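Coordinates from upload-v2.txt are shown below (compact mmCIF, C-alpha atoms).
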```txt
# COMPACT_ATOMS: atom_id res chain seq x y z
CA MET A 251 10.56 25.11 -21.52
CA ALA A 252 10.66 22.39 -18.88
CA HIS A 253 7.82 22.28 -16.36
CA ILE A 254 10.23 22.36 -13.45
CA ARG A 255 13.44 23.95 -12.24
CA ILE A 256 16.67 22.36 -13.45
CA VAL A 257 20.31 22.62 -12.47
CA ASP A 258 22.44 23.37 -15.51
CA GLU A 259 26.12 22.67 -16.10
CA ALA A 260 27.23 25.99 -14.63
CA GLN A 261 25.34 25.37 -11.39
CA ALA A 262 26.12 21.66 -11.07
CA ARG A 263 28.41 20.35 -8.33
CA GLY A 264 29.68 16.94 -7.26
CA ASN A 265 28.06 13.90 -8.87
CA VAL A 266 25.77 16.02 -11.02
CA ALA A 267 28.76 17.85 -12.52
CA GLU A 268 30.52 14.53 -13.13
CA ASP A 269 27.46 13.07 -14.82
CA TYR A 270 26.98 16.15 -16.99
CA ALA A 271 30.58 15.80 -18.15
CA PHE A 272 30.19 12.09 -18.86
CA LEU A 273 26.92 12.50 -20.76
CA SER A 274 28.24 15.33 -22.90
CA ALA A 275 31.37 13.32 -23.71
CA SER A 276 29.31 10.23 -24.53
CA TYR A 277 27.01 12.09 -26.94
CA SER A 278 29.93 13.99 -28.40
CA LYS A 279 31.64 10.71 -29.21
CA MET A 280 28.48 9.32 -30.76
CA LEU A 281 27.77 12.41 -32.86
CA GLY A 282 31.35 13.34 -33.65
CA ALA A 283 31.12 16.90 -32.40
CA GLY A 284 30.86 18.82 -29.14
CA THR A 285 27.35 18.04 -27.91
CA PRO A 286 25.80 19.26 -24.67
CA THR A 287 23.91 16.85 -22.43
CA PRO A 288 20.50 16.25 -24.06
CA GLN A 289 17.40 17.76 -22.50
CA VAL A 290 15.90 14.43 -21.46
CA TYR A 291 18.42 14.01 -18.67
CA ARG A 292 18.03 17.53 -17.28
CA THR A 293 14.56 16.91 -15.86
CA ASN A 294 16.21 15.07 -13.01
CA SER A 295 19.09 17.42 -12.33
CA ILE A 296 17.62 18.79 -9.09
CA LEU A 297 17.77 15.32 -7.51
CA PRO A 298 21.27 13.88 -8.01
CA ASP A 299 20.25 10.24 -7.42
CA TYR A 300 17.88 10.27 -10.37
CA PHE A 301 20.32 12.24 -12.51
CA ARG A 302 22.84 9.48 -11.80
CA PHE A 303 20.24 6.91 -12.87
CA GLY A 304 20.01 8.56 -16.29
CA ALA A 305 23.78 8.58 -16.58
CA ILE A 306 24.03 4.91 -15.56
CA GLN A 307 21.51 4.01 -18.24
CA ASN A 308 23.58 5.81 -20.84
CA ARG A 309 26.63 3.95 -19.55
CA VAL A 310 25.07 0.51 -19.95
CA LEU A 311 23.70 1.42 -23.37
CA THR A 312 27.06 2.72 -24.63
CA GLN A 313 29.58 0.51 -22.81
CA ASP A 314 30.58 3.41 -20.56
CA GLY A 315 30.66 5.86 -23.42
CA ARG A 316 32.83 3.75 -25.75
CA HIS A 317 29.99 3.12 -28.22
CA GLU A 318 31.38 -0.18 -29.43
CA ARG A 319 29.54 -1.70 -32.33
CA VAL A 320 27.57 -4.76 -31.23
CA GLU A 321 26.21 -7.40 -33.59
CA GLU A 322 22.47 -7.70 -32.98
CA PRO A 323 19.63 -9.20 -35.03
CA VAL A 324 17.76 -5.91 -34.57
CA PRO A 325 19.57 -2.63 -33.80
CA ALA A 326 18.99 -1.44 -30.23
CA ILE A 327 18.02 1.98 -31.52
CA LEU A 328 15.12 0.46 -33.45
CA VAL A 329 13.84 -1.21 -30.27
CA MET A 330 13.96 2.15 -28.52
CA PHE A 331 12.26 3.86 -31.45
CA ALA A 332 9.43 1.32 -31.31
CA ILE A 333 8.95 1.82 -27.57
CA SER A 334 8.94 5.61 -27.98
CA MET A 335 6.44 5.38 -30.79
CA TYR A 336 3.90 3.49 -28.73
CA SER A 337 4.56 5.74 -25.74
CA SER A 338 3.52 8.76 -27.80
CA CYS A 339 6.76 10.33 -26.68
CA PHE A 340 6.70 13.96 -27.75
CA TYR A 341 10.45 14.24 -27.19
CA MET B 213 16.53 14.63 -36.90
CA LEU B 214 19.39 12.21 -37.24
CA PRO B 215 18.78 9.56 -39.86
CA LEU B 216 21.86 7.72 -38.64
CA LEU B 217 20.19 7.08 -35.32
CA TYR B 218 16.65 6.26 -36.32
CA PRO B 219 14.97 4.80 -39.41
CA ALA B 220 15.00 6.96 -42.53
CA PRO B 221 12.25 9.63 -42.58
CA GLU B 222 10.15 7.84 -45.18
CA THR B 223 10.36 4.61 -43.17
CA GLN B 224 9.44 6.52 -40.01
CA ASP B 225 6.36 7.88 -41.74
CA ALA B 226 5.33 4.40 -42.82
CA LEU B 227 5.94 3.03 -39.33
CA LEU B 228 3.93 5.79 -37.72
CA LYS B 229 1.08 5.08 -40.10
CA ASP B 230 1.07 1.30 -39.57
CA PRO B 231 4.09 -0.88 -38.72
CA GLN B 232 2.28 -3.93 -40.07
CA THR B 233 2.24 -2.52 -43.60
CA ALA B 234 5.52 -0.59 -43.49
CA PRO B 235 8.34 -1.78 -45.78
CA ILE B 236 10.39 -3.49 -43.09
CA ARG B 237 11.72 -6.99 -42.42
CA GLU B 238 9.38 -9.50 -40.79
CA LEU B 239 11.53 -9.67 -37.65
CA HIS B 240 11.25 -5.89 -37.36
CA ARG B 241 7.49 -6.21 -37.69
CA GLU B 242 7.59 -8.64 -34.76
CA LEU B 243 9.48 -5.99 -32.81
CA PHE B 244 6.71 -3.46 -33.31
CA ARG B 245 4.09 -6.00 -32.16
CA PHE B 246 6.26 -6.64 -29.12
CA ALA B 247 6.71 -2.92 -28.41
CA GLU B 248 2.99 -2.17 -28.67
CA LYS B 249 2.14 -4.83 -26.15
CA PHE B 250 5.08 -3.88 -23.92
CA VAL B 251 3.86 -0.29 -23.64
CA ARG B 252 0.10 -0.61 -23.81
CA GLY B 253 -0.58 -3.85 -21.98
CA SER B 254 2.49 -5.74 -20.81
CA TRP B 255 0.30 -7.75 -18.46
CA THR B 256 -1.36 -9.42 -21.45
CA THR B 257 1.92 -11.02 -22.53
CA THR B 258 1.99 -14.80 -22.41
CA ALA B 259 4.63 -17.48 -22.81
CA GLN B 260 3.13 -18.07 -26.24
CA ASP B 261 4.19 -14.55 -27.29
CA LEU B 262 7.80 -15.39 -26.48
CA ARG B 263 7.54 -18.70 -28.33
CA ARG B 264 6.39 -16.73 -31.36
CA LEU B 265 9.50 -14.56 -31.16
CA ARG B 266 11.69 -17.65 -30.97
CA GLN B 267 9.95 -19.05 -34.05
CA ALA B 268 10.79 -15.79 -35.81
CA GLY B 269 14.44 -16.49 -35.11
CA LEU B 270 15.07 -14.55 -31.93
CA SER B 271 17.23 -16.06 -29.19
CA ASP B 272 16.31 -15.80 -25.52
CA GLY B 273 19.23 -13.41 -25.10
CA SER B 274 17.70 -11.10 -27.70
CA ILE B 275 14.25 -11.39 -26.14
CA VAL B 276 15.70 -10.31 -22.80
CA GLN B 277 17.55 -7.53 -24.61
CA TRP B 278 14.32 -6.22 -26.18
CA ALA B 279 12.58 -6.28 -22.81
CA THR B 280 15.51 -4.62 -21.07
CA LEU B 281 15.81 -1.92 -23.69
CA GLY B 282 12.05 -1.47 -23.49
CA SER B 283 12.29 -1.00 -19.76
CA THR B 284 15.09 1.53 -20.14
CA GLN B 285 13.36 3.45 -22.89
CA SER B 286 10.13 3.52 -20.88
CA TRP B 287 11.96 5.55 -18.27
CA PHE B 288 13.37 7.91 -20.90
CA THR B 289 10.01 8.59 -22.54
CA MET B 290 8.27 9.21 -19.22
CA SER B 291 11.11 11.37 -18.00
CA ALA B 292 11.02 13.47 -21.15
CA ASP B 293 7.27 13.92 -21.38
CA GLY B 294 6.74 14.22 -17.64
CA GLY B 295 9.41 16.89 -17.33
CA GLY B 296 8.15 18.77 -20.34
CA VAL B 297 11.58 19.01 -21.86
CA PRO B 298 11.84 20.67 -25.27
CA LEU B 299 13.43 19.03 -28.29
CA ASP B 300 17.18 19.44 -28.44
CA GLY B 301 18.35 22.22 -30.71
CA GLY B 302 20.53 19.85 -32.70
CA ALA B 303 18.08 16.98 -32.33
CA ALA B 304 20.73 14.98 -30.52
CA THR B 305 18.15 12.46 -29.45
CA GLY B 306 14.76 13.94 -30.23
CA THR B 307 13.31 12.77 -33.51
CA GLY B 308 10.23 12.63 -35.64
CA VAL B 309 8.71 10.38 -33.01
CA GLY B 310 7.11 13.58 -31.83
CA LYS B 311 4.55 13.10 -34.54
CA THR B 312 3.17 10.22 -32.55
CA ARG B 313 1.62 12.62 -30.13
CA ALA B 314 -0.98 13.30 -32.74
CA THR B 315 -0.94 10.03 -34.59
CA TYR B 316 -0.99 7.83 -31.53
CA GLY B 317 -2.69 10.18 -29.17
CA ALA B 318 -4.36 7.36 -27.28
CA ALA B 319 -1.41 5.03 -27.06
CA SER B 320 -0.87 4.86 -23.34
CA GLU B 321 -4.58 4.74 -22.73
CA GLY B 322 -3.83 1.06 -22.92
CA LEU B 323 -3.43 1.13 -19.18
CA LEU B 324 -7.14 1.78 -19.03
CA ALA B 325 -7.95 -1.42 -20.86
CA ALA B 326 -9.97 -4.14 -19.21
CA SER B 327 -7.75 -6.58 -17.39
CA SER B 328 -9.32 -9.76 -18.72
CA ALA B 329 -6.03 -10.79 -20.24
CA THR B 330 -4.48 -10.92 -16.81
CA ALA B 331 -6.02 -14.36 -16.45
CA SER B 332 -4.15 -15.59 -19.49
CA LEU B 333 -0.93 -14.34 -17.97
CA ALA B 334 -1.53 -16.17 -14.74
CA SER B 335 -2.53 -19.38 -16.43
CA ALA B 336 0.12 -19.41 -19.13
CA SER B 337 2.42 -22.38 -18.93
CA CYS B 338 5.68 -21.65 -17.21
CA ASP B 339 8.65 -23.52 -18.60
CA ASP B 340 10.98 -22.32 -15.92
CA ALA B 341 10.67 -21.65 -12.22
CA VAL B 342 12.04 -18.14 -12.66
CA ALA B 343 10.58 -16.80 -15.91
CA TRP B 344 9.69 -17.70 -19.49
CA VAL B 345 13.28 -17.22 -20.65
CA ASP B 346 16.53 -19.06 -20.10
CA THR B 347 18.99 -17.85 -17.50
CA ASP B 348 22.76 -17.92 -17.16
CA GLU B 349 24.17 -17.80 -13.67
CA SER B 350 27.78 -18.34 -14.71
CA THR B 351 28.88 -14.77 -15.42
CA ASP B 352 30.96 -12.60 -13.11
CA GLU B 353 28.28 -9.92 -13.23
CA TYR B 354 25.67 -12.41 -12.06
CA GLY B 355 27.88 -13.51 -9.15
CA GLU B 356 28.55 -9.95 -8.09
CA THR B 357 24.87 -9.04 -8.31
CA ALA B 358 23.83 -12.17 -6.41
CA ARG B 359 26.18 -11.24 -3.56
CA TRP B 360 24.79 -7.71 -3.52
CA ALA B 361 21.21 -9.01 -3.47
CA GLU B 362 21.86 -11.60 -0.78
CA GLU B 363 23.25 -8.90 1.46
CA ARG B 364 20.42 -6.49 0.73
CA TYR B 365 17.36 -8.74 0.46
CA GLY B 366 18.49 -12.14 1.73
CA CYS B 367 17.94 -13.70 -1.70
CA MET B 368 18.57 -13.20 -5.41
CA PRO B 369 15.32 -11.70 -6.80
CA ASN B 370 13.72 -13.55 -9.67
CA LEU B 371 13.73 -10.27 -11.60
CA LEU B 372 17.51 -10.21 -11.57
CA ARG B 373 17.78 -13.92 -12.34
CA ALA B 374 15.40 -13.50 -15.31
CA VAL B 375 17.56 -10.85 -16.99
CA SER B 376 20.83 -12.72 -16.52
CA LEU B 377 21.29 -13.15 -20.30
CA GLN B 378 21.93 -9.40 -20.45
CA PRO B 379 24.32 -8.98 -17.50
CA GLY B 380 25.58 -5.63 -18.78
CA PHE B 381 22.34 -4.07 -17.53
CA TYR B 382 22.72 -5.24 -13.93
CA ARG B 383 24.07 -1.84 -12.85
CA ARG B 384 20.88 -0.26 -14.13
CA HIS B 385 18.48 -2.72 -12.53
CA ARG B 386 20.24 -2.66 -9.17
CA LEU B 387 20.15 1.11 -9.00
CA ALA B 388 16.48 1.07 -10.03
CA LEU B 389 15.65 -1.24 -7.13
CA GLU B 390 17.61 0.92 -4.70
CA LEU B 391 15.90 4.10 -5.86
CA LEU B 392 12.49 2.52 -5.32
CA GLU B 393 13.17 1.81 -1.66
CA GLY B 394 12.18 5.28 -0.50
CA PRO B 395 11.76 8.92 -1.54
CA ARG B 396 14.87 10.79 -2.69
CA SER B 397 13.70 14.25 -1.69
CA ALA B 398 12.85 15.71 1.70
CA SER B 399 9.56 16.99 0.34
CA LEU B 400 7.95 13.66 -0.62
CA SER B 401 6.87 11.60 2.39
CA ALA B 402 7.59 7.88 2.70
CA ARG B 403 3.83 7.34 2.86
CA HIS B 404 3.21 9.14 -0.43
CA HIS B 405 6.12 7.34 -2.05
CA ALA B 406 4.78 3.94 -1.00
CA MET B 407 1.24 4.85 -2.06
CA ILE B 408 2.55 5.74 -5.52
CA ARG B 409 4.30 2.38 -5.81
CA VAL B 410 1.10 0.55 -4.83
CA LEU B 411 -0.84 2.57 -7.38
CA VAL B 412 1.58 1.91 -10.24
CA SER B 413 1.96 -1.81 -9.60
CA HIS B 414 -1.83 -1.97 -9.58
CA LEU B 415 -2.13 -0.07 -12.87
CA THR B 416 0.44 -2.32 -14.52
CA ARG B 417 -1.25 -5.44 -13.10
CA SER B 418 2.15 -6.51 -11.82
CA SER B 419 1.76 -9.76 -9.97
CA TYR B 420 5.52 -9.64 -9.40
CA SER B 421 5.67 -6.21 -7.73
CA GLU B 422 2.41 -6.04 -5.81
CA PRO B 423 3.60 -8.09 -2.79
CA THR B 424 6.56 -5.73 -2.43
CA THR B 425 4.72 -2.46 -2.94
CA THR B 426 1.94 -3.37 -0.50
CA ALA B 427 4.47 -4.59 2.08
CA LEU B 428 6.31 -1.29 1.75
CA LEU B 429 3.15 0.72 2.40
CA LEU B 430 2.41 -1.39 5.46
CA ARG B 431 5.98 -0.89 6.67
CA VAL B 432 5.63 2.91 6.57
CA GLY B 433 2.38 2.93 8.52
CA GLY B 434 -0.31 2.19 5.97
CA ASP B 435 -3.00 -0.41 6.40
CA GLN B 436 -5.11 -2.63 4.18
CA ASP B 437 -7.85 -0.03 3.98
CA LEU B 438 -5.40 2.51 2.58
CA ILE B 439 -4.09 -0.03 0.06
CA ASP B 440 -7.64 -0.76 -1.09
CA ARG B 441 -8.44 2.94 -1.39
CA VAL B 442 -5.34 3.64 -3.46
CA ARG B 443 -6.38 0.89 -5.86
CA ALA B 444 -9.95 2.17 -6.11
CA GLU B 445 -9.97 5.34 -8.14
CA PRO B 446 -11.02 8.05 -8.56
CA PHE B 447 -9.27 10.12 -5.93
CA ASP B 448 -12.23 12.15 -4.78
CA SER B 449 -13.02 14.50 -1.93
CA GLU B 450 -12.56 11.78 0.67
CA TRP B 451 -8.84 12.30 0.19
CA SER B 452 -6.93 15.30 1.50
CA PRO B 453 -6.01 17.86 -1.18
CA VAL B 454 -2.34 16.89 -1.12
CA ASP B 455 -3.10 13.15 -1.34
CA ARG B 456 -5.49 13.78 -4.19
CA VAL B 457 -2.98 15.85 -6.17
CA VAL B 458 -0.10 13.42 -5.61
CA LEU B 459 -2.12 10.34 -6.60
CA SER B 460 -3.76 12.04 -9.56
CA LEU B 461 -0.42 13.24 -10.86
CA ALA B 462 1.09 9.77 -10.44
CA THR B 463 -1.84 8.28 -12.34
CA LYS B 464 -1.34 10.74 -15.19
CA PHE B 465 2.37 9.97 -15.35
CA ALA B 466 1.62 6.25 -15.51
CA ARG B 467 -1.18 6.37 -18.05
CA ASN B 468 -0.72 9.42 -20.24
CA THR B 469 2.66 11.00 -19.63
CA TYR B 470 2.42 12.76 -22.98
CA LYS B 471 -0.57 14.72 -21.68
CA VAL B 472 1.37 16.27 -18.78
CA THR B 473 1.61 20.06 -18.92
CA ALA B 474 3.07 22.84 -16.83
CA LYS B 475 -0.29 23.06 -15.05
CA ASP B 476 0.36 19.68 -13.50
CA ALA B 477 3.56 20.92 -11.92
CA GLU B 478 1.68 23.99 -10.73
CA SER B 479 -1.01 21.82 -9.11
CA LEU B 480 1.66 20.29 -6.91
CA ARG B 481 2.97 23.69 -5.87
CA GLU B 482 -0.55 24.79 -4.96
CA VAL B 483 -0.72 22.11 -2.25
CA GLY B 484 2.67 23.06 -0.84
CA LEU B 485 4.95 20.62 -2.62
CA ASP B 486 7.97 21.66 -4.66
CA ASP B 487 9.75 20.69 -7.87
CA GLU B 488 11.88 18.15 -6.01
CA ALA B 489 8.70 16.30 -5.03
CA TYR B 490 7.57 16.46 -8.67
CA VAL B 491 10.79 14.80 -9.86
CA ASP B 492 10.52 12.24 -7.07
CA ILE B 493 6.96 11.31 -8.07
CA LEU B 494 7.86 11.18 -11.75
CA ASN B 495 10.79 8.86 -11.16
CA THR B 496 8.96 6.63 -8.71
CA VAL B 497 6.29 6.12 -11.34
CA SER B 498 8.63 5.71 -14.30
CA ILE B 499 11.07 3.35 -12.59
CA GLN B 500 8.28 1.23 -11.09
CA ALA B 501 6.45 1.06 -14.42
CA SER B 502 9.63 0.22 -16.30
CA LEU B 503 10.36 -2.74 -14.04
CA ASP B 504 6.74 -3.88 -14.06
CA ARG B 505 6.67 -3.94 -17.86
CA LEU B 506 9.89 -5.93 -17.81
CA THR B 507 8.68 -8.56 -15.34
CA ASN B 508 5.25 -8.82 -16.98
CA THR B 509 6.85 -9.36 -20.38
CA LEU B 510 9.32 -12.00 -19.25
CA GLY B 511 6.80 -13.80 -17.05
CA VAL B 512 8.94 -13.38 -13.94
CA GLN B 513 7.60 -15.46 -11.07
CA ALA B 514 7.02 -13.91 -7.66
CA ASP B 515 9.81 -13.89 -5.11
CA PRO B 516 9.42 -15.95 -1.93
CA ALA B 517 9.06 -12.74 0.09
CA PRO B 518 8.58 -9.02 -0.57
CA LEU B 519 11.67 -7.34 -1.95
CA LEU B 520 12.50 -4.98 0.89
CA PRO B 521 15.90 -4.27 2.43
CA SER B 522 16.38 -6.27 5.58
CA SER B 523 17.41 -3.23 7.64
```
Give the structure from the file, written as structure tokens.
Amino acid sequence: MAHIRIVDEAQARGNVAEDYAFLSASYSKMLGAGTPTPQVYRTNSILPDYFRFGAIQNRVLTQDGRHERVEEPVPAILVMFAISMYSSCFY
Amino acid sequence: MLPLLYPAPETQDALLKDPQTAPIRELHRELFRFAEKFVRGSWTTTAQDLRRLRQAGLSDGSIVQWATLGSTQSWFTMSADGGGVPLDGGAATGTGVGKTRATYGAASEGLLAASSATASLASASCDDAVAWVDTDESTDEYGETARWAEERYGCMPNLLRAVSLQPGFYRRHRLALELLEGPRSASLSARHHAMIRVLVSHLTRSSYSEPTTTALLLRVGGDQDLIDRVRAEPFDSEWSPVDRVVLSLATKFARNTYKVTAKDAESLREVGLDDEAYVDILNTVSIQASLDRLTNTLGVQADPAPLLPSS
């Protein structure tokens, strides 16, 4: 249960609805199945500017949802895992 | 848990126990050293740390990528823990990292560490006028961002010049800077917003951001005494109840986001603020901290003037 009120897909309008649709499509492409927008983004759904910020970050991380494979000396996901680990991120 | 997205479970367990003894490549071990410092004490980073990464085979483009991804992921972790979101049912993104809450329960206490290393940051040799990494001003994205910055700030910020080897992230950094210019909800005052920025840039020992955050607080009516008081915790009875709650919550977000509970959100409601203010405070902290970690890590030099919109 989140600590605060959120706006879900059914209540979303305008930019928030657009960003919900993009995020769900992006994760669905990555996971190969219909996937709802992950919880981490929903914290910000009551303030559209911050919700957009989450969506923009997904866009830059996934090449606008295309998820093209990029050659890197260390996979980006491992960098993010390491940061999460030292942040004690419960999520 | 999705093993395709994160290391295999047995590797995760070894990493959570001790990355320095886990069965991983040496370059990956360097990554975990980098990540620990990035999160717990980015202000202790020196040019020598980046030289060490280059000696391990990392290019400047990859160093900037690590720092940029670190900045991005910092926002995600704070947003998740600060909002109290539950794990996804299908574990779309949530993973066994949750174990770290117990294993690394004191991780972000790093912000409480003594700041003696700040001196080494300030005195570290600077190979470049902008930062400790190479830059590339030839890309279309750089040109577009430079035009945007010139119009908004009258100059191209060193922060944006320093990350030019990863131009794909410019959209993110530009929006981050815009969002930090003022509150995004009607319920958080410009004064509180600016006080939070001063507080966070102080906690992160950000020599890059402090001129901007203090100038912002002065612009919205603060004075030097208020700046000094924000920097001098604790927030005791000399503060009004709403100031005390806002600053205490911001401190908790910055230092120990994983300790945030529903009671923290309730404390804000008790002084008359709403959930919109909560999200505004959380994002002001997480975006400011994410940029401060980035600039500390790359050794970004101060801009000629505070980074405030000219209007």
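From CA of Val297 in chain B back to CA of Asn265 in chain A, the distance works out to 21.6 Å.
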Sorted per-residue table, chain A near chain B, closest atoms and distance, 8 Å, only C-alpha atoms, as CSV:
```
residue,atom,partner,partner_atom,distance
A:Met251,CA,B:Pro298,CA,6.0
A:Ala252,CA,B:Val297,CA,4.6
A:His253,CA,B:Ala474,CA,4.8
A:Ile254,CA,B:Asp487,CA,5.8
A:Arg255,CA,B:Asp487,CA,6.6
A:Tyr277,CA,B:Ala304,CA,7.8
A:Leu281,CA,B:Ala304,CA,7.9
A:Thr285,CA,B:Ala304,CA,7.7
A:Pro288,CA,B:Asp300,CA,6.4
A:Gln289,CA,B:Val297,CA,6.0
A:Val290,CA,B:Ala292,CA,5.0
A:Tyr291,CA,B:Ser291,CA,7.8
A:Thr293,CA,B:Gly295,CA,5.4
A:Asn294,CA,B:Val491,CA,6.3
A:Ile296,CA,B:Glu488,CA,6.5
A:Leu297,CA,B:Glu488,CA,6.7
A:Asp299,CA,B:Arg396,CA,7.2
A:Tyr300,CA,B:Asn495,CA,7.3
A:Phe303,CA,B:Leu387,CA,7.0
A:Ile306,CA,B:Arg384,CA,6.2
A:Gln307,CA,B:Arg384,CA,6.0
A:Val310,CA,B:Phe381,CA,5.9
A:Glu322,CA,B:Ser274,CA,7.9
A:Pro323,CA,B:Leu270,CA,7.7
A:Val324,CA,B:His240,CA,7.1
A:Ala326,CA,B:Leu281,CA,7.3
A:Ile327,CA,B:Tyr218,CA,6.6
A:Leu328,CA,B:Tyr218,CA,6.6
A:Val329,CA,B:Trp278,CA,6.5
A:Met330,CA,B:Gln285,CA,5.8
A:Phe331,CA,B:Tyr218,CA,7.0
A:Ala332,CA,B:Ala247,CA,5.8
A:Ile333,CA,B:Ala247,CA,5.3
A:Ser334,CA,B:Thr289,CA,6.3
A:Met335,CA,B:Val309,CA,5.9
A:Tyr336,CA,B:Glu248,CA,5.7
A:Ser337,CA,B:Ser320,CA,6.0
A:Ser338,CA,B:Arg313,CA,4.9
A:Cys339,CA,B:Thr289,CA,5.5
A:Phe340,CA,B:Gly310,CA,4.1
A:Tyr341,CA,B:Gly306,CA,5.3
```
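Taking CA of Ser460 in chain B and CA of Leu415 in chain B as endpoints, the distance between them is 12.7 Å.
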Compute the distance from (19.3, -12.1, 1.9) to each atom, counting all atoms listed in the file, keep the residues with any atom at most 12 Å away, and return them as a CSV table (one decimal) with C-alpha atoms, keeping the file's coordinate frame; use the coordinates of the file.
```csv
chain,number,residue,atom,x,y,z
B,358,ALA,CA,23.8,-12.2,-6.4
B,359,ARG,CA,26.2,-11.2,-3.6
B,360,TRP,CA,24.8,-7.7,-3.5
B,361,ALA,CA,21.2,-9.0,-3.5
B,362,GLU,CA,21.9,-11.6,-0.8
B,363,GLU,CA,23.2,-8.9,1.5
B,364,ARG,CA,20.4,-6.5,0.7
B,365,TYR,CA,17.4,-8.7,0.5
B,366,GLY,CA,18.5,-12.1,1.7
B,367,CYS,CA,17.9,-13.7,-1.7
B,368,MET,CA,18.6,-13.2,-5.4
B,369,PRO,CA,15.3,-11.7,-6.8
B,515,ASP,CA,9.8,-13.9,-5.1
B,516,PRO,CA,9.4,-16.0,-1.9
B,517,ALA,CA,9.1,-12.7,0.1
B,518,PRO,CA,8.6,-9.0,-0.6
B,519,LEU,CA,11.7,-7.3,-2.0
B,520,LEU,CA,12.5,-5.0,0.9
B,521,PRO,CA,15.9,-4.3,2.4
B,522,SER,CA,16.4,-6.3,5.6
B,523,SER,CA,17.4,-3.2,7.6
```
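The spacing separating CA of Leu273 in chain A from CA of Arg386 in chain B amounts to 20.2 Å.
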(request) Please identify all polymer residues within 10 Å of Met280 in chain A, counting all atoms listed in the file, omitting same-chain residues fewer than 2 positions from it, and present them as a PyMOL selection string. (result) (chain A and resi 274-278+282-285+312+315-317) or (chain B and resi 217+304)
